[in-house]
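*Asks:* If it helps, the file is called start_7.cif and holds mmCIF, C-alpha atoms:
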```
data_model
loop_
_atom_site.label_atom_id
_atom_site.label_comp_id
_atom_site.auth_asym_id
_atom_site.auth_seq_id
_atom_site.Cartn_x
_atom_site.Cartn_y
_atom_site.Cartn_z
CA MET U 1 19.76 -74.31 -23.14
CA ILE U 2 21.11 -73.91 -19.63
CA ASP U 3 24.86 -73.34 -19.47
CA LYS U 4 26.50 -76.44 -17.96
CA LYS U 5 28.88 -74.15 -16.10
CA HIS U 6 26.20 -73.99 -13.39
CA ILE U 7 26.86 -77.63 -12.43
CA GLY U 8 28.55 -77.46 -9.03
CA ARG U 9 26.96 -74.12 -8.12
CA THR U 10 26.61 -74.27 -4.32
CA THR U 11 24.65 -71.95 -2.04
CA ALA U 12 26.13 -70.35 1.05
CA PRO U 13 24.78 -72.10 4.21
CA GLN U 14 21.42 -70.71 5.32
CA THR U 15 19.76 -71.43 8.65
CA ILE U 16 15.98 -71.75 9.03
CA ASP U 17 13.99 -71.90 12.30
CA VAL U 18 11.56 -74.80 12.82
CA GLU U 19 8.56 -73.07 14.40
CA LYS U 20 6.07 -75.04 16.52
CA GLY U 21 3.01 -73.16 15.27
CA ARG U 22 4.09 -73.69 11.67
CA LEU U 23 4.37 -77.45 12.28
CA LYS U 24 0.84 -77.57 13.69
CA PHE U 25 -0.47 -75.51 10.76
CA PHE U 26 1.31 -77.81 8.29
CA ALA U 27 -0.19 -80.90 9.94
CA LYS U 28 -3.66 -79.33 9.63
CA ALA U 29 -3.05 -78.39 5.98
CA ILE U 30 -2.13 -81.95 4.98
CA GLY U 31 -4.99 -83.46 7.00
CA GLU U 32 -2.64 -85.17 9.43
CA THR U 33 -4.60 -86.19 12.52
CA ASP U 34 -1.97 -88.27 14.36
CA PRO U 35 -1.54 -86.32 17.64
CA VAL U 36 2.22 -86.98 17.54
CA TYR U 37 2.38 -84.07 15.07
CA THR U 38 0.19 -81.59 16.99
CA ASP U 39 0.21 -82.49 20.70
CA GLU U 40 3.48 -82.15 22.61
CA GLU U 41 2.44 -84.76 25.17
CA ALA U 42 1.77 -87.29 22.41
CA ALA U 43 5.10 -86.39 20.80
CA LYS U 44 6.89 -86.94 24.11
CA ALA U 45 5.12 -90.26 24.62
CA ALA U 46 6.45 -91.26 21.18
CA GLY U 47 10.00 -90.44 22.26
CA TYR U 48 10.43 -86.94 20.81
CA SER U 49 11.60 -84.00 22.92
CA ALA U 50 9.38 -81.61 20.88
CA LEU U 51 6.86 -81.78 18.01
CA PRO U 52 8.44 -83.60 15.05
CA ALA U 53 8.28 -82.34 11.46
CA PRO U 54 6.29 -84.67 9.13
CA PRO U 55 8.25 -86.47 6.38
CA THR U 56 7.98 -83.82 3.66
CA PHE U 57 8.38 -80.71 5.84
CA ALA U 58 12.15 -80.51 5.27
CA PHE U 59 11.28 -79.44 1.71
CA CYS U 60 9.31 -76.46 3.07
CA LEU U 61 12.25 -75.43 5.26
CA GLU U 62 14.59 -75.75 2.31
CA MET U 63 12.30 -73.59 0.17
CA GLU U 64 12.67 -70.82 2.79
CA THR U 65 16.34 -70.59 1.78
CA ASN U 66 15.21 -69.41 -1.68
CA SER U 67 17.90 -71.64 -3.28
CA LEU U 68 15.52 -72.88 -5.99
CA TRP U 69 14.60 -69.37 -7.12
CA ASP U 70 18.17 -68.11 -6.84
CA ASN U 71 19.45 -71.02 -8.92
CA ILE U 72 16.94 -70.74 -11.75
CA ALA U 73 17.38 -66.96 -11.86
CA ALA U 74 21.16 -67.43 -12.16
CA MET U 75 20.55 -69.91 -14.98
CA GLY U 76 18.15 -67.58 -16.77
CA VAL U 77 15.21 -70.01 -16.52
CA PRO U 78 11.76 -68.36 -16.31
CA VAL U 79 9.66 -69.45 -13.30
CA GLY U 80 6.71 -70.28 -15.57
CA LYS U 81 8.68 -72.97 -17.42
CA ILE U 82 9.59 -75.20 -14.49
CA LEU U 83 7.92 -78.27 -13.02
CA HIS U 84 8.83 -80.34 -9.98
CA GLY U 85 9.80 -83.69 -11.49
CA SER U 86 10.65 -85.70 -8.41
CA GLN U 87 11.72 -85.37 -4.80
CA THR U 88 13.78 -87.59 -2.52
CA PHE U 89 14.43 -87.42 1.21
CA LYS U 90 16.98 -89.45 3.13
CA TYR U 91 16.31 -89.28 6.89
CA LEU U 92 19.21 -89.22 9.33
CA ALA U 93 17.68 -87.75 12.53
CA PRO U 94 14.37 -86.12 13.52
CA ILE U 95 13.68 -82.45 12.77
CA LEU U 96 11.96 -80.98 15.82
CA ALA U 97 10.15 -77.78 16.81
CA GLY U 98 12.73 -75.29 18.04
CA ASP U 99 15.52 -76.63 15.84
CA LYS U 100 17.62 -74.39 13.63
CA ILE U 101 18.34 -76.24 10.40
CA THR U 102 21.17 -75.20 8.10
CA PHE U 103 20.86 -76.00 4.40
CA VAL U 104 23.53 -76.14 1.73
CA THR U 105 22.25 -76.79 -1.81
CA LYS U 106 24.40 -77.86 -4.73
CA VAL U 107 23.49 -78.15 -8.41
CA SER U 108 24.67 -81.72 -9.06
CA ASP U 109 23.77 -82.08 -12.70
CA ILE U 110 22.07 -80.44 -15.67
CA TYR U 111 21.07 -82.45 -18.72
CA ASP U 112 18.51 -82.42 -21.49
CA LYS U 113 16.25 -84.85 -23.31
CA LYS U 114 14.25 -84.76 -26.54
CA GLY U 115 16.78 -82.55 -28.30
CA GLY U 116 16.63 -79.86 -25.64
CA LYS U 117 12.82 -79.69 -25.36
CA MET U 118 13.15 -80.82 -21.76
CA GLU U 119 16.02 -79.90 -19.47
CA PHE U 120 16.62 -81.35 -16.02
CA ILE U 121 18.26 -79.62 -13.05
CA ILE U 122 19.33 -81.91 -10.20
CA GLU U 123 19.84 -80.19 -6.85
CA ASP U 124 21.16 -81.94 -3.74
CA SER U 125 20.86 -80.41 -0.28
CA THR U 126 22.17 -81.29 3.14
CA ALA U 127 20.26 -80.33 6.28
CA THR U 128 22.12 -80.07 9.59
CA ASN U 129 20.68 -79.08 12.98
CA GLN U 130 22.02 -76.63 15.59
CA ASN U 131 24.10 -79.39 17.21
CA GLY U 132 25.92 -80.14 13.97
CA THR U 133 23.94 -83.37 13.50
CA PRO U 134 22.99 -84.13 9.89
CA VAL U 135 19.20 -84.58 9.87
CA ALA U 136 18.35 -85.09 6.20
CA GLU U 137 19.57 -85.14 2.64
CA LEU U 138 17.23 -83.91 -0.06
CA GLN U 139 17.25 -84.16 -3.82
CA ARG U 140 14.89 -82.31 -6.10
CA VAL U 141 14.65 -82.73 -9.84
CA ILE U 142 13.39 -79.66 -11.64
CA VAL U 143 12.13 -80.09 -15.19
CA VAL U 144 12.34 -77.14 -17.58
CA ILE U 145 9.86 -77.30 -20.47
CA ASN U 146 11.30 -75.37 -23.41
CA MET W 1 2.51 -97.27 17.40
CA ALA W 2 4.19 -100.70 17.26
CA LEU W 3 6.30 -101.74 14.31
CA PRO W 4 4.85 -104.43 12.05
CA SER W 5 6.71 -107.74 12.18
CA TYR W 6 9.34 -108.00 9.43
CA ASP W 7 8.97 -111.77 9.24
CA ALA W 8 5.19 -111.62 8.86
CA ILE W 9 5.35 -109.29 5.85
CA ASN W 10 5.49 -110.64 2.31
CA VAL W 11 6.40 -109.03 -0.98
CA GLY W 12 3.16 -108.01 -2.68
CA ASP W 13 1.25 -107.28 0.53
CA GLU W 14 -0.82 -104.08 0.28
CA VAL W 15 -0.11 -102.50 3.64
CA ILE W 16 -1.20 -98.90 3.03
CA HIS W 17 -4.61 -97.66 1.90
CA LEU W 18 -5.48 -94.07 2.74
CA GLU W 19 -8.39 -92.16 1.26
CA VAL W 20 -8.09 -88.38 1.36
CA PRO W 21 -11.16 -86.09 1.09
CA PRO W 22 -11.55 -84.27 -2.26
CA ILE W 23 -9.12 -81.39 -2.74
CA SER W 24 -10.88 -78.06 -2.26
CA ARG W 25 -9.76 -74.49 -2.74
CA THR W 26 -9.51 -74.28 1.04
CA THR W 27 -7.12 -77.26 1.01
CA LEU W 28 -4.89 -75.41 -1.44
CA ALA W 29 -5.05 -72.10 0.44
CA LEU W 30 -4.10 -73.79 3.70
CA TYR W 31 -1.30 -75.81 2.10
CA GLY W 32 0.05 -72.70 0.35
CA GLY W 33 0.25 -70.86 3.64
CA ALA W 34 1.54 -73.72 5.77
CA SER W 35 4.11 -74.96 3.27
CA GLY W 36 5.43 -71.51 2.42
CA ASP W 37 4.81 -72.16 -1.28
CA HIS W 38 2.93 -69.00 -2.20
CA ASN W 39 2.97 -69.61 -5.95
CA PRO W 40 -0.34 -67.99 -7.09
CA MET W 41 -0.86 -70.83 -9.61
CA HIS W 42 -2.24 -72.87 -6.69
CA ILE W 43 -4.39 -70.28 -4.94
CA ASP W 44 -5.46 -67.52 -7.36
CA ILE W 45 -7.82 -68.55 -10.17
CA ASP W 46 -7.32 -65.22 -11.98
CA TYR W 47 -3.58 -65.83 -12.13
CA ALA W 48 -4.04 -69.45 -13.23
CA LYS W 49 -6.40 -68.42 -16.05
CA ALA W 50 -4.05 -65.69 -17.22
CA ALA W 51 -1.34 -68.36 -17.37
CA GLY W 52 -3.52 -70.54 -19.62
CA GLN W 53 -4.82 -72.98 -17.01
CA SER W 54 -8.53 -73.67 -16.56
CA ASP W 55 -8.24 -73.40 -12.78
CA VAL W 56 -5.81 -73.54 -9.88
CA PHE W 57 -4.34 -76.98 -9.19
CA ALA W 58 -2.66 -78.77 -6.31
CA HIS W 59 0.96 -78.43 -5.25
CA GLY W 60 2.89 -81.60 -6.12
CA MET W 61 4.31 -81.62 -2.62
CA LEU W 62 0.78 -81.76 -1.16
CA VAL W 63 0.31 -85.09 -2.94
CA MET W 64 3.71 -86.23 -1.63
CA ALA W 65 2.57 -85.22 1.87
CA TYR W 66 -0.47 -87.49 1.41
CA LEU W 67 1.87 -90.34 0.43
CA GLY W 68 3.84 -89.57 3.60
CA ARG W 69 0.66 -89.72 5.68
CA GLY W 70 0.04 -93.14 4.20
CA VAL W 71 3.50 -94.31 5.26
CA THR W 72 3.23 -92.92 8.80
CA SER W 73 -0.23 -94.47 9.17
CA TRP W 74 1.54 -97.85 8.87
CA VAL W 75 4.83 -97.25 10.70
CA PRO W 76 6.04 -94.51 13.04
CA GLN W 77 8.07 -91.89 11.21
CA SER W 78 11.20 -92.93 13.16
CA ALA W 79 11.25 -96.08 10.98
CA LEU W 80 11.39 -94.08 7.73
CA ARG W 81 14.83 -94.06 6.07
CA ARG W 82 14.20 -92.86 2.52
CA PHE W 83 11.20 -91.42 0.69
CA PHE W 84 11.02 -90.76 -3.05
CA THR W 85 8.18 -89.39 -5.18
CA GLN W 86 7.88 -88.82 -8.90
CA PHE W 87 5.15 -86.42 -10.00
CA LYS W 88 3.15 -87.78 -12.94
CA ALA W 89 0.12 -85.55 -13.49
CA ILE W 90 -1.59 -82.42 -12.21
CA THR W 91 -4.11 -82.91 -9.40
CA ARG W 92 -7.11 -80.64 -9.83
CA VAL W 93 -9.68 -79.12 -7.47
CA GLY W 94 -12.38 -81.69 -6.65
CA GLU W 95 -10.21 -84.74 -7.22
CA LYS W 96 -10.19 -87.34 -4.48
CA ILE W 97 -6.82 -88.95 -3.89
CA THR W 98 -6.31 -92.46 -2.62
CA VAL W 99 -2.85 -93.50 -1.47
CA THR W 100 -1.75 -97.11 -1.64
CA GLY W 101 1.46 -98.84 -0.72
CA LYS W 102 2.56 -102.38 -1.29
CA VAL W 103 5.67 -104.27 -0.31
CA ALA W 104 8.09 -104.35 -3.24
CA LYS W 105 11.19 -105.70 -1.54
CA LYS W 106 12.56 -106.99 1.76
CA GLU W 107 16.27 -106.57 2.37
CA GLU W 108 18.88 -105.94 5.01
CA ALA W 109 20.61 -102.57 4.65
CA ASP W 110 23.15 -101.04 7.07
CA GLY W 111 22.38 -103.80 9.57
CA GLU W 112 18.64 -103.10 9.53
CA LYS W 113 15.80 -105.23 8.21
CA CYS W 114 14.15 -102.94 5.70
CA VAL W 115 11.00 -103.08 3.63
CA SER W 116 10.71 -101.12 0.42
CA LEU W 117 7.19 -99.92 -0.34
CA GLU W 118 5.88 -99.07 -3.79
CA LEU W 119 3.60 -96.05 -3.36
CA ALA W 120 0.93 -94.59 -5.61
CA ALA W 121 -1.50 -91.67 -5.43
CA LYS W 122 -4.48 -92.03 -7.76
CA ASN W 123 -7.80 -90.27 -8.33
CA ASP W 124 -11.20 -91.97 -8.44
CA ASN W 125 -10.75 -92.84 -12.13
CA GLY W 126 -7.52 -94.65 -11.35
CA ASP W 127 -5.36 -91.97 -12.98
CA THR W 128 -1.92 -91.92 -11.37
CA LYS W 129 -0.89 -88.53 -9.96
CA ALA W 130 2.35 -89.62 -8.31
CA THR W 131 4.33 -92.75 -7.65
CA GLY W 132 7.03 -93.29 -5.12
CA GLU W 133 9.09 -95.45 -2.89
CA ALA W 134 9.55 -95.52 0.87
CA VAL W 135 12.17 -97.57 2.67
CA VAL W 136 11.28 -98.36 6.28
CA ALA W 137 13.35 -100.22 8.86
CA LEU W 138 11.33 -102.78 10.82
CA ALA W 139 14.10 -104.36 12.92
#
```
Would you put the structure from the file into structure tokens?

*Replies:*
Amino acid sequence: MIDKKHIGRTTAPQTIDVEKGRLKFFAKAIGETDPVYTDEEAAKAAGYSALPAPPTFAFCLEMETNSLWDNIAAMGVPVGKILHGSQTFKYLAPILAGDKITFVTKVSDIYDKKGGKMEFIIEDSTATNQNGTPVAELQRVIVVIN
Amino acid sequence: MALPSYDAINVGDEVIHLEVPPISRTTLALYGGASGDHNPMHIDIDYAKAAGQSDVFAHGMLVMAYLGRGVTSWVPQSALRRFFTQFKAITRVGEKITVTGKVAKKEEADGEKCVSLELAAKNDNGDTKATGEAVVALA
């Protein structure tokens, strides 16, 4: 069982670059054909100053901070026992190519079900851009199968 | 892309229907690279077999990205306020995912007229891979 002392564990802020080429590659990988996500002129026509990140890309940026792996290592949870249970994004402002996004991730809760056969780790993150504008809040639920 | 009319939308309307080509190994290799999720379970069949799986399988977040494509095929992303997905089952190589979204609720929130969509990603047999919710502001 994961020690509940880890509730409240908070990462130091980490800043991740939003790279234009990576956004185009991500759009290709998910089969996104809307030119807003790959063509700067189309993005500008839609009101963006640079290519926007698609709705789930903030998760990829957050994963670059390594907070998930650091947290489960600190808790003594083997990588092979975890599943991604659910994911939530709250959108506050666009994430754009060229941005530098700073993430802070906090372990909000740890609980178990089925007599400890399944444990749940709730992690909440804030994402803030280089201007200090909050751009997103993320929550991931990690399920540990014991 | 223009916003749909809030007043013309009714609870129960199916407003999103997106069919995605079958998931191939190339799909998974590209998503692994582009997403930064390099977990070999999704791209290396030898690793997957050693871990007791019959084959590599899709990243949950790839399926959520398909749900997101469904949402942004209906409204511009600037209308999206909240997006939730619960992962229900593994999506395997060769499976063809169809994304649907129907209007579950209409409500005013923070001074905006919002529509809550009930999302689902299913394979050709109708097996649910993920469900979710998106809240979009239409006015």

*Asks:* How would you write, as a list in words, the residues chosen by the PyMOL selection byres ((chain W) within 6 of (chain U)) on this structure?

*Replies:*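 When the PyMOL selection byres ((chain W) within 6 of (chain U)) is applied, the selected residues are Leu30, Tyr31, Ala34, Ser35, Ala65, Arg81, Arg82, Phe83, Phe84, Thr85, Gln86 and Phe87 of chain W.
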
*Asks:* Of the residues W:Val115, W:Asp124, W:Gln53, W:Ala79, which is the one nearest to Ala2 in chain W, using all atoms listed in the file?

*Replies:* W:Ala79

*Asks:* Could you state the separation of CA of Leu80 in chain W and CA of Ala134 in chain W in Å, given to one decimal place?

*Replies:*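 Distance between the two atoms: 7.2 Å.
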
*Asks:* To one decimal place in Å, what is the distance between CA of Thr126 in chain U and CA of Pro76 in chain W?

*Replies:*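 Taking CA of Thr126 in chain U and CA of Pro76 in chain W, their separation equals 23.1 Å.
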
*Asks:* Enumerate, as a PyMOL selection string, the residues matched when the PyMOL selection byres ((chain W and resi 101-106) around 6) is run on the file above.

*Replies:* chain W and resi 11-16+100+107+114-119

*Asks:* Using the chain letters and residue numbers of this document, give as a list of chain:residue names the residues selected by the PyMOL selection byres ((chain U and resi 12) around 10).

*Replies:*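 On this input, the PyMOL selection byres ((chain U and resi 12) around 10) captures U:Arg9, U:Thr10, U:Thr11, U:Pro13, U:Gln14, U:Thr15, U:Thr65, U:Ser67, U:Thr102, U:Phe103, U:Val104, U:Thr105, U:Lys106.
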
*Asks:* Could you please fill out range 120-132 of chain U with N, CA and C atoms and send it back as an mmCIF file, keeping the file's coordinate frame?

*Replies:*
```cif
data_model
loop_
_atom_site.group_PDB
_atom_site.id
_atom_site.type_symbol
_atom_site.label_atom_id
_atom_site.label_comp_id
_atom_site.auth_asym_id
_atom_site.auth_seq_id
_atom_site.Cartn_x
_atom_site.Cartn_y
_atom_site.Cartn_z
ATOM 1 N N PHE U 120 16.759 -80.876 -17.395
ATOM 2 C CA PHE U 120 16.620 -81.350 -16.020
ATOM 3 C C PHE U 120 17.720 -80.729 -15.161
ATOM 4 N N ILE U 121 17.310 -80.185 -14.024
ATOM 5 C CA ILE U 121 18.260 -79.620 -13.050
ATOM 6 C C ILE U 121 18.171 -80.490 -11.793
ATOM 7 N N ILE U 122 19.289 -81.075 -11.399
ATOM 8 C CA ILE U 122 19.330 -81.910 -10.200
ATOM 9 C C ILE U 122 20.007 -81.115 -9.091
ATOM 10 N N GLU U 123 19.286 -80.943 -7.981
ATOM 11 C CA GLU U 123 19.840 -80.190 -6.850
ATOM 12 C C GLU U 123 19.850 -81.060 -5.606
ATOM 13 N N ASP U 124 21.008 -81.151 -4.965
ATOM 14 C CA ASP U 124 21.160 -81.940 -3.740
ATOM 15 C C ASP U 124 21.430 -81.009 -2.566
ATOM 16 N N SER U 125 20.699 -81.247 -1.471
ATOM 17 C CA SER U 125 20.860 -80.410 -0.280
ATOM 18 C C SER U 125 21.183 -81.256 0.935
ATOM 19 N N THR U 126 21.964 -80.675 1.819
ATOM 20 C CA THR U 126 22.170 -81.290 3.140
ATOM 21 C C THR U 126 21.494 -80.400 4.165
ATOM 22 N N ALA U 127 20.919 -81.044 5.189
ATOM 23 C CA ALA U 127 20.260 -80.330 6.280
ATOM 24 C C ALA U 127 20.913 -80.770 7.585
ATOM 25 N N THR U 128 21.381 -79.789 8.361
ATOM 26 C CA THR U 128 22.120 -80.070 9.590
ATOM 27 C C THR U 128 21.511 -79.249 10.721
ATOM 28 N N ASN U 129 21.325 -79.842 11.902
ATOM 29 C CA ASN U 129 20.680 -79.080 12.980
ATOM 30 C C ASN U 129 21.703 -78.260 13.789
ATOM 31 N N GLN U 130 21.195 -77.571 14.807
ATOM 32 C CA GLN U 130 22.020 -76.630 15.590
ATOM 33 C C GLN U 130 23.127 -77.319 16.370
ATOM 34 N N ASN U 131 23.045 -78.652 16.516
ATOM 35 C CA ASN U 131 24.100 -79.390 17.210
ATOM 36 C C ASN U 131 25.153 -79.938 16.252
ATOM 37 N N GLY U 132 24.982 -79.615 14.958
ATOM 38 C CA GLY U 132 25.920 -80.140 13.970
ATOM 39 C C GLY U 132 25.567 -81.537 13.496
#
```
